Structures are given as C-alpha cells and as structure tokens.
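Dumped query-v2.pdb below, it's PDB, C-alpha atoms:
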```pdb
ATOM      1  CA  MET A   1     113.237  27.194  61.545
ATOM      2  CA  ASP A   2     115.534  24.965  59.507
ATOM      3  CA  ILE A   3     115.478  25.391  55.717
ATOM      4  CA  ARG A   4     116.868  22.818  53.335
ATOM      5  CA  ARG A   5     116.960  22.782  49.555
ATOM      6  CA  ILE A   6     116.534  19.273  48.205
ATOM      7  CA  GLN A   7     116.053  17.550  44.890
ATOM      8  CA  TYR A   8     114.570  14.347  43.562
ATOM      9  CA  PRO A   9     115.309  11.656  44.656
ATOM     10  CA  PHE A  10     115.785  12.428  48.346
ATOM     11  CA  THR A  11     118.681  10.353  49.688
ATOM     12  CA  GLU A  12     119.879  12.201  52.807
ATOM     13  CA  LEU A  13     118.109   9.839  55.190
ATOM     14  CA  HIS A  14     120.520  10.574  58.044
ATOM     15  CA  SER A  15     119.065  14.084  58.379
ATOM     16  CA  VAL A  16     115.423  13.053  58.823
ATOM     17  CA  PRO A  17     113.917  13.346  62.352
ATOM     18  CA  PRO A  18     114.072   9.818  63.837
ATOM     19  CA  ASP A  19     110.465   9.927  65.068
ATOM     20  CA  GLY A  20     109.134  11.314  61.802
ATOM     21  CA  GLN A  21     107.380  14.582  61.097
ATOM     22  CA  VAL A  22     104.122  16.079  59.910
ATOM     23  CA  ILE A  23     104.440  17.508  56.398
ATOM     24  CA  ALA A  24     102.233  20.076  54.657
ATOM     25  CA  ILE A  25     102.763  20.072  50.886
ATOM     26  CA  GLY A  26     102.106  22.898  48.461
ATOM     27  CA  ASP A  27     103.574  25.800  46.548
ATOM     28  CA  PHE A  28     101.874  28.246  48.943
ATOM     29  CA  ASP A  29     102.417  31.296  46.720
ATOM     30  CA  GLY A  30     100.928  34.165  48.710
ATOM     31  CA  VAL A  31     100.670  32.171  51.951
ATOM     32  CA  HIS A  32      97.034  33.294  51.912
ATOM     33  CA  LEU A  33      94.281  32.355  54.353
ATOM     34  CA  GLY A  34      93.579  29.070  52.578
ATOM     35  CA  HIS A  35      97.243  28.100  52.736
ATOM     36  CA  ARG A  36      97.354  29.050  56.405
ATOM     37  CA  GLU A  37      94.613  26.551  57.198
ATOM     38  CA  VAL A  38      96.722  23.760  55.679
ATOM     39  CA  ILE A  39      99.850  24.906  57.517
ATOM     40  CA  SER A  40      98.047  25.469  60.822
ATOM     41  CA  ARG A  41      96.569  21.984  60.702
ATOM     42  CA  ALA A  42     100.019  20.492  60.096
ATOM     43  CA  ILE A  43     101.432  22.404  63.067
ATOM     44  CA  GLU A  44      98.518  21.326  65.267
ATOM     45  CA  ARG A  45      99.005  17.654  64.366
ATOM     46  CA  ALA A  46     102.774  17.902  64.827
ATOM     47  CA  ARG A  47     102.405  19.369  68.293
ATOM     48  CA  SER A  48      99.956  16.634  69.299
ATOM     49  CA  LEU A  49     102.392  13.941  68.128
ATOM     50  CA  GLY A  50     105.494  15.624  69.535
ATOM     51  CA  VAL A  51     107.281  15.751  66.164
ATOM     52  CA  PRO A  52     108.454  18.616  63.928
ATOM     53  CA  ALA A  53     106.006  20.499  61.703
ATOM     54  CA  ALA A  54     107.451  20.585  58.183
ATOM     55  CA  ILE A  55     106.526  22.103  54.848
ATOM     56  CA  MET A  56     107.464  20.806  51.425
ATOM     57  CA  THR A  57     107.305  23.586  48.872
ATOM     58  CA  PHE A  58     108.744  24.177  45.402
ATOM     59  CA  ASP A  59     111.073  26.578  43.627
ATOM     60  CA  PRO A  60     110.526  27.662  40.930
ATOM     61  CA  HIS A  61     106.727  27.496  40.764
ATOM     62  CA  PRO A  62     105.761  24.159  39.117
ATOM     63  CA  ARG A  63     103.303  25.846  36.784
ATOM     64  CA  GLU A  64     106.003  28.217  35.558
ATOM     65  CA  VAL A  65     108.231  25.242  34.736
ATOM     66  CA  LEU A  66     105.292  23.680  32.899
ATOM     67  CA  GLY A  67     105.014  26.734  30.651
ATOM     68  CA  LYS A  68     102.154  28.686  32.261
ATOM     69  CA  ALA A  69     103.501  32.197  31.770
ATOM     70  CA  GLN A  70     101.257  33.903  34.325
ATOM     71  CA  TYR A  71     103.138  32.047  37.056
ATOM     72  CA  SER A  72     106.449  33.631  36.089
ATOM     73  CA  ARG A  73     105.196  36.436  38.354
ATOM     74  CA  ILE A  74     104.900  35.589  42.030
ATOM     75  CA  LEU A  75     103.109  36.922  45.089
ATOM     76  CA  THR A  76     105.730  35.849  47.613
ATOM     77  CA  PRO A  77     109.400  35.362  46.697
ATOM     78  CA  ILE A  78     111.021  32.413  48.412
ATOM     79  CA  ASP A  79     112.697  34.480  51.158
ATOM     80  CA  GLU A  80     109.428  36.201  52.046
ATOM     81  CA  LYS A  81     107.684  32.846  52.049
ATOM     82  CA  MET A  82     110.232  31.523  54.522
ATOM     83  CA  ARG A  83     109.668  34.517  56.805
ATOM     84  CA  LEU A  84     105.925  33.931  56.796
ATOM     85  CA  PHE A  85     106.366  30.201  57.492
ATOM     86  CA  ALA A  86     108.584  31.014  60.463
ATOM     87  CA  GLU A  87     106.000  33.451  61.834
ATOM     88  CA  LEU A  88     103.389  30.689  61.680
ATOM     89  CA  GLY A  89     105.573  28.365  63.774
ATOM     90  CA  VAL A  90     106.886  25.921  61.166
ATOM     91  CA  ASP A  91     109.948  23.928  62.291
ATOM     92  CA  GLN A  92     111.345  22.617  59.012
ATOM     93  CA  VAL A  93     111.028  23.599  55.347
ATOM     94  CA  TYR A  94     112.082  21.463  52.393
ATOM     95  CA  ILE A  95     112.405  23.523  49.205
ATOM     96  CA  VAL A  96     112.222  21.117  46.290
ATOM     97  CA  HIS A  97     114.030  22.204  43.130
ATOM     98  CA  PHE A  98     111.296  21.757  40.530
ATOM     99  CA  THR A  99     112.487  20.750  37.059
ATOM    100  CA  PRO A 100     110.910  19.369  33.853
ATOM    101  CA  GLU A 101     112.424  15.994  34.801
ATOM    102  CA  LEU A 102     110.672  16.039  38.156
ATOM    103  CA  ALA A 103     107.409  16.915  36.415
ATOM    104  CA  ARG A 104     107.629  13.615  34.527
ATOM    105  CA  VAL A 105     108.016  11.449  37.642
ATOM    106  CA  SER A 106     105.063   9.176  38.345
ATOM    107  CA  PRO A 107     103.035   9.674  41.537
ATOM    108  CA  GLU A 108     104.235   6.291  42.786
ATOM    109  CA  ASP A 109     107.923   7.101  42.266
ATOM    110  CA  TYR A 110     107.494  10.567  43.755
ATOM    111  CA  TYR A 111     106.021   9.097  46.899
ATOM    112  CA  LYS A 112     108.618   6.321  47.086
ATOM    113  CA  ASN A 113     111.679   8.512  46.443
ATOM    114  CA  MET A 114     110.667  11.871  47.893
ATOM    115  CA  LEU A 115     107.947  11.585  50.501
ATOM    116  CA  TYR A 116     108.410   8.214  52.164
ATOM    117  CA  PRO A 117     112.122   8.843  52.943
ATOM    118  CA  LEU A 118     111.084  11.912  54.979
ATOM    119  CA  LYS A 119     109.236   9.645  57.441
ATOM    120  CA  PRO A 120     105.876  11.418  57.297
ATOM    121  CA  ARG A 121     103.607  10.646  60.214
ATOM    122  CA  VAL A 122     100.893  12.826  58.701
ATOM    123  CA  ILE A 123     100.739  14.492  55.299
ATOM    124  CA  VAL A 124      98.444  17.535  55.107
ATOM    125  CA  VAL A 125      97.314  18.859  51.724
ATOM    126  CA  GLY A 126      94.665  21.120  50.241
ATOM    127  CA  PHE A 127      91.543  19.702  48.610
ATOM    128  CA  ASP A 128      92.892  20.354  45.088
ATOM    129  CA  PHE A 129      96.381  18.942  45.681
ATOM    130  CA  THR A 130      97.938  16.998  42.799
ATOM    131  CA  PHE A 131     101.417  15.590  42.237
ATOM    132  CA  GLY A 132     103.375  13.485  39.795
ATOM    133  CA  HIS A 133     103.265  13.364  36.017
ATOM    134  CA  ARG A 134     100.432  15.526  34.614
ATOM    135  CA  GLY A 135      99.046  15.878  38.122
ATOM    136  CA  GLN A 136      97.851  12.276  38.090
ATOM    137  CA  GLY A 137      98.403  11.890  41.822
ATOM    138  CA  THR A 138      95.770  13.226  44.237
ATOM    139  CA  ALA A 139      95.133  13.073  47.963
ATOM    140  CA  GLU A 140      93.312   9.822  47.305
ATOM    141  CA  THR A 141      96.438   8.480  45.578
ATOM    142  CA  LEU A 142      98.499   9.460  48.608
ATOM    143  CA  ALA A 143      96.111   7.614  50.891
ATOM    144  CA  LYS A 144      96.532   4.448  48.817
ATOM    145  CA  LEU A 145     100.319   4.766  48.786
ATOM    146  CA  ALA A 146     100.687   5.589  52.481
ATOM    147  CA  LYS A 147     102.509   3.038  54.613
ATOM    148  CA  ALA A 148     101.469   1.795  58.027
ATOM    149  CA  GLY A 149     101.617   4.582  60.591
ATOM    150  CA  GLU A 150     101.076   7.316  58.010
ATOM    151  CA  SER A 151      97.866   9.265  57.527
ATOM    152  CA  ILE A 152      96.655  11.812  54.996
ATOM    153  CA  GLU A 153      94.564  14.850  55.908
ATOM    154  CA  VAL A 154      92.806  16.942  53.292
ATOM    155  CA  ILE A 155      91.795  20.512  54.089
ATOM    156  CA  ALA A 156      88.554  21.763  52.540
ATOM    157  CA  PRO A 157      88.552  24.952  50.439
ATOM    158  CA  HIS A 158      88.469  28.243  52.318
ATOM    159  CA  ASN A 159      85.676  30.320  50.812
ATOM    160  CA  MET A 160      85.074  34.033  51.243
ATOM    161  CA  ASP A 161      82.046  35.863  49.864
ATOM    162  CA  GLY A 162      81.180  32.821  47.785
ATOM    163  CA  GLU A 163      84.626  32.500  46.169
ATOM    164  CA  LYS A 164      87.386  30.024  46.852
ATOM    165  CA  ILE A 165      90.510  31.757  48.122
ATOM    166  CA  SER A 166      93.344  31.054  45.703
ATOM    167  CA  SER A 167      96.561  32.585  44.438
ATOM    168  CA  THR A 168      94.884  32.982  41.043
ATOM    169  CA  LEU A 169      92.053  35.026  42.554
ATOM    170  CA  ILE A 170      94.546  37.249  44.392
ATOM    171  CA  ARG A 171      96.460  37.861  41.159
ATOM    172  CA  GLU A 172      93.212  38.867  39.456
ATOM    173  CA  GLN A 173      92.313  41.280  42.245
ATOM    174  CA  LEU A 174      95.768  42.896  42.135
ATOM    175  CA  HIS A 175      95.417  43.434  38.400
ATOM    176  CA  LEU A 176      92.099  45.177  39.107
ATOM    177  CA  GLY A 177      93.566  47.335  41.886
ATOM    178  CA  ARG A 178      91.171  45.899  44.480
ATOM    179  CA  LEU A 179      93.488  46.134  47.455
ATOM    180  CA  GLU A 180      90.870  45.695  50.176
ATOM    181  CA  ARG A 181      89.854  42.429  48.585
ATOM    182  CA  VAL A 182      93.509  41.390  48.315
ATOM    183  CA  LYS A 183      94.050  42.171  51.979
ATOM    184  CA  SER A 184      91.029  40.096  53.003
ATOM    185  CA  LEU A 185      92.281  37.123  50.964
ATOM    186  CA  LEU A 186      95.901  37.327  52.115
ATOM    187  CA  GLY A 187      95.151  38.293  55.693
ATOM    188  CA  ARG A 188      97.627  41.175  55.304
ATOM    189  CA  HIS A 189      98.507  43.995  52.920
ATOM    190  CA  TYR A 190     100.362  43.096  49.735
ATOM    191  CA  ARG A 191     104.057  44.050  49.734
ATOM    192  CA  ILE A 192     106.956  44.177  47.328
ATOM    193  CA  GLN A 193     110.648  44.954  47.831
ATOM    194  CA  GLY A 194     112.793  46.931  45.466
ATOM    195  CA  LYS A 195     116.067  48.741  45.046
ATOM    196  CA  VAL A 196     116.113  52.459  44.300
ATOM    197  CA  VAL A 197     117.688  53.089  40.892
ATOM    198  CA  LYS A 198     118.332  56.183  38.819
ATOM    199  CA  GLY A 199     115.231  57.640  37.210
ATOM    200  CA  GLU A 200     114.529  60.682  35.059
ATOM    201  CA  GLY A 201     114.749  63.073  38.011
ATOM    202  CA  ARG A 202     111.589  64.855  36.882
ATOM    203  CA  GLY A 203     109.792  64.507  40.235
ATOM    204  CA  ARG A 204     112.385  66.589  42.050
ATOM    205  CA  LYS A 205     112.071  69.349  39.456
ATOM    206  CA  ILE A 206     108.330  69.698  40.090
ATOM    207  CA  GLY A 207     108.615  69.566  43.869
ATOM    208  CA  TYR A 208     107.738  65.916  44.431
ATOM    209  CA  PRO A 209     110.951  63.857  44.401
ATOM    210  CA  THR A 210     110.412  60.176  43.756
ATOM    211  CA  ALA A 211     112.429  57.018  44.249
ATOM    212  CA  ASN A 212     112.439  54.891  41.107
ATOM    213  CA  LEU A 213     112.018  51.305  42.287
ATOM    214  CA  GLU A 214     113.380  48.181  40.623
ATOM    215  CA  PRO A 215     111.645  45.126  42.148
ATOM    216  CA  LEU A 216     114.029  42.602  43.702
ATOM    217  CA  ASP A 217     112.043  39.686  42.336
ATOM    218  CA  ARG A 218     109.439  38.817  39.713
ATOM    219  CA  TYR A 219     106.494  40.142  41.718
ATOM    220  CA  VAL A 220     102.939  40.367  40.489
ATOM    221  CA  ILE A 221     102.662  44.114  39.928
ATOM    222  CA  PRO A 222      99.295  45.714  40.761
ATOM    223  CA  ARG A 223      97.185  47.642  38.278
ATOM    224  CA  GLN A 224      98.701  50.786  36.811
ATOM    225  CA  GLY A 225      97.681  53.827  38.793
ATOM    226  CA  VAL A 226      98.338  55.792  41.960
ATOM    227  CA  TYR A 227      98.458  54.205  45.425
ATOM    228  CA  ALA A 228      98.723  55.199  49.063
ATOM    229  CA  VAL A 229     101.610  53.108  50.407
ATOM    230  CA  ARG A 230     103.631  52.508  53.532
ATOM    231  CA  VAL A 231     107.360  52.490  52.956
ATOM    232  CA  TYR A 232     109.643  50.446  55.206
ATOM    233  CA  LEU A 233     113.217  51.695  55.293
ATOM    234  CA  ASP A 234     115.844  50.593  57.805
ATOM    235  CA  GLY A 235     113.307  49.956  60.551
ATOM    236  CA  GLU A 236     111.288  53.113  59.873
ATOM    237  CA  THR A 237     107.689  53.141  58.631
ATOM    238  CA  LEU A 238     107.069  56.068  56.289
ATOM    239  CA  LYS A 239     104.038  57.264  54.347
ATOM    240  CA  GLY A 240     104.070  57.605  50.599
ATOM    241  CA  VAL A 241     102.331  57.814  47.251
ATOM    242  CA  MET A 242     103.327  55.387  44.510
ATOM    243  CA  ASN A 243     102.701  55.684  40.790
ATOM    244  CA  ILE A 244     102.798  52.577  38.619
ATOM    245  CA  GLY A 245     102.698  53.391  34.941
ATOM    246  CA  ILE A 246     104.191  55.133  31.947
ATOM    247  CA  LYS A 247     103.773  58.819  33.040
ATOM    248  CA  PRO A 248     101.608  59.737  30.022
ATOM    249  CA  THR A 249     101.878  63.484  30.702
ATOM    250  CA  PHE A 250     105.543  63.224  29.672
ATOM    251  CA  HIS A 251     105.573  60.111  27.441
ATOM    252  CA  GLU A 252     103.626  59.338  24.304
ATOM    253  CA  ASP A 253     104.859  55.758  23.942
ATOM    254  CA  GLU A 254     102.209  53.565  25.578
ATOM    255  CA  GLU A 255     104.223  50.446  24.770
ATOM    256  CA  GLN A 256     107.060  51.249  27.144
ATOM    257  CA  PRO A 257     107.223  49.139  30.314
ATOM    258  CA  PRO A 258     105.628  50.715  33.393
ATOM    259  CA  THR A 259     107.847  52.124  36.124
ATOM    260  CA  LEU A 260     107.307  52.119  39.883
ATOM    261  CA  GLU A 261     107.966  55.467  41.542
ATOM    262  CA  VAL A 262     107.297  56.338  45.166
ATOM    263  CA  HIS A 263     107.168  59.805  46.699
ATOM    264  CA  ILE A 264     107.766  59.645  50.445
ATOM    265  CA  LEU A 265     105.626  62.223  52.201
ATOM    266  CA  ASP A 266     107.371  64.902  54.247
ATOM    267  CA  ARG A 267     110.784  63.455  53.426
ATOM    268  CA  ASN A 268     113.426  64.595  50.967
ATOM    269  CA  GLU A 269     116.625  62.604  50.754
ATOM    270  CA  ASP A 270     118.636  60.699  48.190
ATOM    271  CA  LEU A 271     117.669  57.026  48.457
ATOM    272  CA  TYR A 272     119.692  55.806  45.471
ATOM    273  CA  GLY A 273     120.927  52.252  46.050
ATOM    274  CA  ARG A 274     118.752  51.715  49.135
ATOM    275  CA  THR A 275     116.247  48.858  49.478
ATOM    276  CA  LEU A 276     112.630  49.758  50.208
ATOM    277  CA  GLU A 277     109.691  47.556  51.120
ATOM    278  CA  ILE A 278     106.393  48.900  49.818
ATOM    279  CA  GLU A 279     103.061  48.004  51.399
ATOM    280  CA  PHE A 280     100.043  48.800  49.232
ATOM    281  CA  ALA A 281      97.388  50.374  51.454
ATOM    282  CA  ALA A 282      94.843  51.829  48.996
ATOM    283  CA  TYR A 283      94.260  52.404  45.296
ATOM    284  CA  LEU A 284      93.704  56.138  44.771
ATOM    285  CA  ARG A 285      93.054  56.569  41.054
ATOM    286  CA  PRO A 286      94.060  55.433  37.567
ATOM    287  CA  GLU A 287      97.073  56.975  35.885
ATOM    288  CA  MET A 288      96.044  60.048  33.894
ATOM    289  CA  LYS A 289      97.433  62.297  31.191
ATOM    290  CA  PHE A 290      97.285  65.983  32.134
ATOM    291  CA  SER A 291      97.223  68.857  29.686
ATOM    292  CA  SER A 292      99.855  70.749  31.679
ATOM    293  CA  VAL A 293     102.521  70.126  34.300
ATOM    294  CA  GLU A 294     100.699  72.569  36.592
ATOM    295  CA  MET A 295      97.570  70.409  36.535
ATOM    296  CA  LEU A 296      99.678  67.344  37.297
ATOM    297  CA  ILE A 297     101.297  69.088  40.305
ATOM    298  CA  GLU A 298      97.841  70.080  41.574
ATOM    299  CA  GLN A 299      96.646  66.485  41.347
ATOM    300  CA  ILE A 300      99.760  65.104  43.054
ATOM    301  CA  ALA A 301      99.092  67.468  45.965
ATOM    302  CA  LYS A 302      95.555  66.086  46.224
ATOM    303  CA  ASP A 303      96.884  62.504  46.063
ATOM    304  CA  ALA A 304      99.385  63.243  48.830
ATOM    305  CA  GLN A 305      96.719  64.748  51.077
ATOM    306  CA  ARG A 306      94.393  61.811  50.534
ATOM    307  CA  ALA A 307      97.229  59.340  51.214
ATOM    308  CA  LYS A 308      97.988  61.120  54.508
ATOM    309  CA  GLN A 309      94.383  60.693  55.582
ATOM    310  CA  ILE A 310      94.282  57.008  54.634
ATOM    311  CA  LEU A 311      97.616  56.208  56.278
ATOM    312  CA  ALA A 312      97.003  58.248  59.450
TER     313      ALA A 312
END
```

Transcribe the structure of this file into structure tokens.
Amino acid sequence: MDIRRIQYPFTELHSVPPDGQVIAIGDFDGVHLGHREVISRAIERARSLGVPAAIMTFDPHPREVLGKAQYSRILTPIDEKMRLFAELGVDQVYIVHFTPELARVSPEDYYKNMLYPLKPRVIVVGFDFTFGHRGQGTAETLAKLAKAGESIEVIAPHNMDGEKISSTLIREQLHLGRLERVKSLLGRHYRIQGKVVKGEGRGRKIGYPTANLEPLDRYVIPRQGVYAVRVYLDGETLKGVMNIGIKPTFHEDEEQPPTLEVHILDRNEDLYGRTLEIEFAAYLRPEMKFSSVEMLIEQIAKDAQRAKQILA
C-alpha cells in the first residue's frame, strides 16, 4: 500500500494513476464497521474497474482543528489506521494535512483543486459526509460537481441494536467501560500502545510488579478501573491486569491525572523503556480505595485469577 501526505491544493498530477482510481473519503477514526462498509465498497468498485482503491483521510482530525476538544483524543493513531487500511486491501492512501485554512475552502474549490486532480472514477462516502467551508458540501454537492465519467456512491448508515455505529458512540462506550459493546462496534478489541516509564515501584513491593505505561499517542482512554488485558510484546501475547486511575489507597489527591499500570501475569521482568501494545478484553471493576494494603493485595489476587479465566 502506497501512502502519501498531501496538502491543498493538490498539484502533483504526474503521480496520479493514468486510468484514475476509486476514492473513499473520510476521517475513519476507529476504522469501525461502518467505515469498513465504505472502504469495502470502494475496493469492490476499484476491482471491477481495474483501477487502484484509494482512501483520502485527514491528519489531524478536522474536528480537532475546528476546536472540538473531544476530538483531541483519537481511537486510531495514523500509523494504526494505515495498518488497518492495508489489511482491508487498500492500494493507495492520501493523508491530507488539515489546517484552519483548508477548513475555509469552499466545496467547489475543494473539489476543483483536491479531488478532480486525483482522477476519481468513483467517489465513495458515508451518508453523513460533508466537506468544504462549514461543511456546506454534501454527497449531493459532489454529484453536482462531478465531471463526465465520475460517479458518487453514498453508503447508508450501519446500525446495530437500533444505534448508528459512529466514532462518537465508541468513545462514549469506552468512557463507560463497556468493552463488549466497543468490540461489537469496532469489529475487534480496542488497543493502545505505550512506552514503559518509571513509576512509583509500589507494585513490586507488594508482590505485583507493574509496568507504568505512557501512551504513544493521544488515545481515548477507557473508564478508570481494572481490566483484563492482553499484552503484546516483541511478538509474544501475554496475559495481564491493567489499572487505570489514581490509586486512591495510596493517594488522596483525586485531581491528579490517572496513570495506566499493567501487571503481566506469571511474568516478572524489568520492562523499562520497552513498547507494549495493550488489548482491552474485559472491564473487571471500578477503582476502589481499600482500608489496608492487605485488603488491596487480596483484591488484586482475585482480579488476577478472574483475568486468567477470561483470557484463557
């Protein structure tokens, strides 16, 4: 899969496939089941026409640039998004650098200077797709702007249990700790990557050493609490228990930022500086304050045993 970062206006016409391409457009944060329908349709059309299947996506998230703070946290960092696109069979990805200046471009100029030069044979978008200044452009706008030989396909919403699958819904479910629901919406378990950094070292003192994780990107962090997780390390899949929170048994300050700490089951080694990928398998319980360290140790043992059963 070829990946190219581009900006408005697109002028590198020499690099465009001579017979055109099919382009799916969207931010695709999460690459959830609804997104996959859009992408799969683009690939299907591309194969039928004998041209590349391309995606146009954006970095950073347009809504973040437009000041919507909740989108400063993402479900899929750009590298992970590229990996998922490749797995789906995409041939070409155009990552558009989204800026406040681009947000002010009219739908007509965006089409003329960004889409048309890419020689789209078919443009595939979701039902709620908008583009151009203040989102004035829609799929209907695209259809009016399309030149001869171009067509626009709009994919209907993907509903599950009466709700439209969306990145917003997935964020909400993560904040509630509803991992089964998240998995059903994404079509896979939610994952984050992080680097192991120095922590307080308290876990080792009580018999449950933990790796203090610093996320490698601005991930949406699930609800505070305790989770059964799979830990991917250098090709190995390990079982673990992760705590997200402030460790109230040891800290009184509820305003401090939460930490992410993972205890790898049946493993005891120094992971400082290593990169771990964490897959959230199940939410076990909320974070709790215990009246003694002994009660905390007893509960951690129960959490570890339950995690083993879930991850077996």

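The space between atom CA of Gln70 of chain A and atom CA of Tyr110 of chain A spans 25.9 Å.
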
Do a neighbour search on segment 299-307 of chain A at 12 Å with only C-alpha atoms, toss out local chain neighbours closer than 6 positions, and write the hits as a PyMOL selection string. chain A and resi 203+206-210+225-230+238-243+262-266+280-293

d(atom CA of Tyr8 of chain A, atom CA of Asn113 of chain A) in Å: 7.1 Å

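One finds atom CA of Gly126 of chain A at 4.8 Å from atom CA of Ile155 of chain A.
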
Quick one: which residues end up in the PyMOL selection byres ((chain A and resi 138-151) around 6) for this structure, as a list in words?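 Answer for the PyMOL selection byres ((chain A and resi 138-151) around 6): Arg121, Val122, Phe129, Thr130, Gly137 and Ile152 of chain A.
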
May I ask which of the residues A:Leu271, A:Ile278, A:Ala156, A:Ile43 is the closest one to Arg191 of chain A, counting all atoms listed in the file?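 Among the listed residues, A:Ile278 lies closest to Arg191 of chain A.
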
Could you list the residues chosen by the PyMOL selection byres ((chain A and resi 30-41) around 6) in this structure as a ChimeraX atom specification? /A:28-29,42-44,75-76,158,186

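With distances taken over all atoms listed in the file, A:Ile192 is the one residue among A:Val231, A:Ala211, A:Ile192, A:Ala24 lying closest to Pro77 of chain A.
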
One residue among A:Pro120, A:Asp79, A:Pro17, A:Pro107 is nearest to Met56 of chain A when using all atoms listed in the file, and that residue is A:Pro120

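Remark: for Pro258 of chain A, the closest of the candidate residues A:Thr275, A:Thr237, A:Gln224, A:Thr11 is A:Gln224 (distances computed over all atoms listed in the file).
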
Once the PyMOL selection byres ((chain A and resi 114) around 10) has been applied to the shown file, what residues remain in the selection, as a PyMOL selection string? chain A and resi 6-11+96+108-113+115-119

Selection above as a file: C-alpha atoms, as a PDB file, in the coordinates of the input:
```
ATOM      1  CA  ILE A   6     116.534  19.273  48.205  1.00  0.00           C
ATOM      2  CA  GLN A   7     116.053  17.550  44.890  1.00  0.00           C
ATOM      3  CA  TYR A   8     114.570  14.347  43.562  1.00  0.00           C
ATOM      4  CA  PRO A   9     115.309  11.656  44.656  1.00  0.00           C
ATOM      5  CA  PHE A  10     115.785  12.428  48.346  1.00  0.00           C
ATOM      6  CA  THR A  11     118.681  10.353  49.688  1.00  0.00           C
ATOM      7  CA  VAL A  96     112.222  21.117  46.290  1.00  0.00           C
ATOM      8  CA  GLU A 108     104.235   6.291  42.786  1.00  0.00           C
ATOM      9  CA  ASP A 109     107.923   7.101  42.266  1.00  0.00           C
ATOM     10  CA  TYR A 110     107.494  10.567  43.755  1.00  0.00           C
ATOM     11  CA  TYR A 111     106.021   9.097  46.899  1.00  0.00           C
ATOM     12  CA  LYS A 112     108.618   6.321  47.086  1.00  0.00           C
ATOM     13  CA  ASN A 113     111.679   8.512  46.443  1.00  0.00           C
ATOM     14  CA  LEU A 115     107.947  11.585  50.501  1.00  0.00           C
ATOM     15  CA  TYR A 116     108.410   8.214  52.164  1.00  0.00           C
ATOM     16  CA  PRO A 117     112.122   8.843  52.943  1.00  0.00           C
ATOM     17  CA  LEU A 118     111.084  11.912  54.979  1.00  0.00           C
ATOM     18  CA  LYS A 119     109.236   9.645  57.441  1.00  0.00           C
TER      19      LYS A 119
END
```

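Closest approach to Arg218 of chain A from the set A:Pro52, A:Gly26, A:Pro100, A:Pro60 is made by A:Pro60, with distances taken over all atoms listed in the file.
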
Just want the 8 Å neighbourhood of Val51 of chain A, counted on all atoms listed in the file, with same-chain residues fewer than 4 positions away dropped. Output as a VMD selection string. chain A and resid 19 to 22 46 to 47

Might you pull out every residue within 6 Å of segment 193-199 of chain A, with only C-alpha atoms counted and same-chain residues fewer than 4 positions away left off, and present them as a list of chain:residue names?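 My list of contacting residues is A:Ala211, A:Asn212, A:Leu213, A:Glu214, A:Pro215, A:Leu216, A:Tyr272, A:Gly273, A:Arg274, A:Thr275, A:Leu276, A:Glu277.
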
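Nearest residue to Leu88 of chain A among A:Lys247, A:Ile55, A:Leu260, A:Val182 is A:Ile55, counting all atoms listed in the file.
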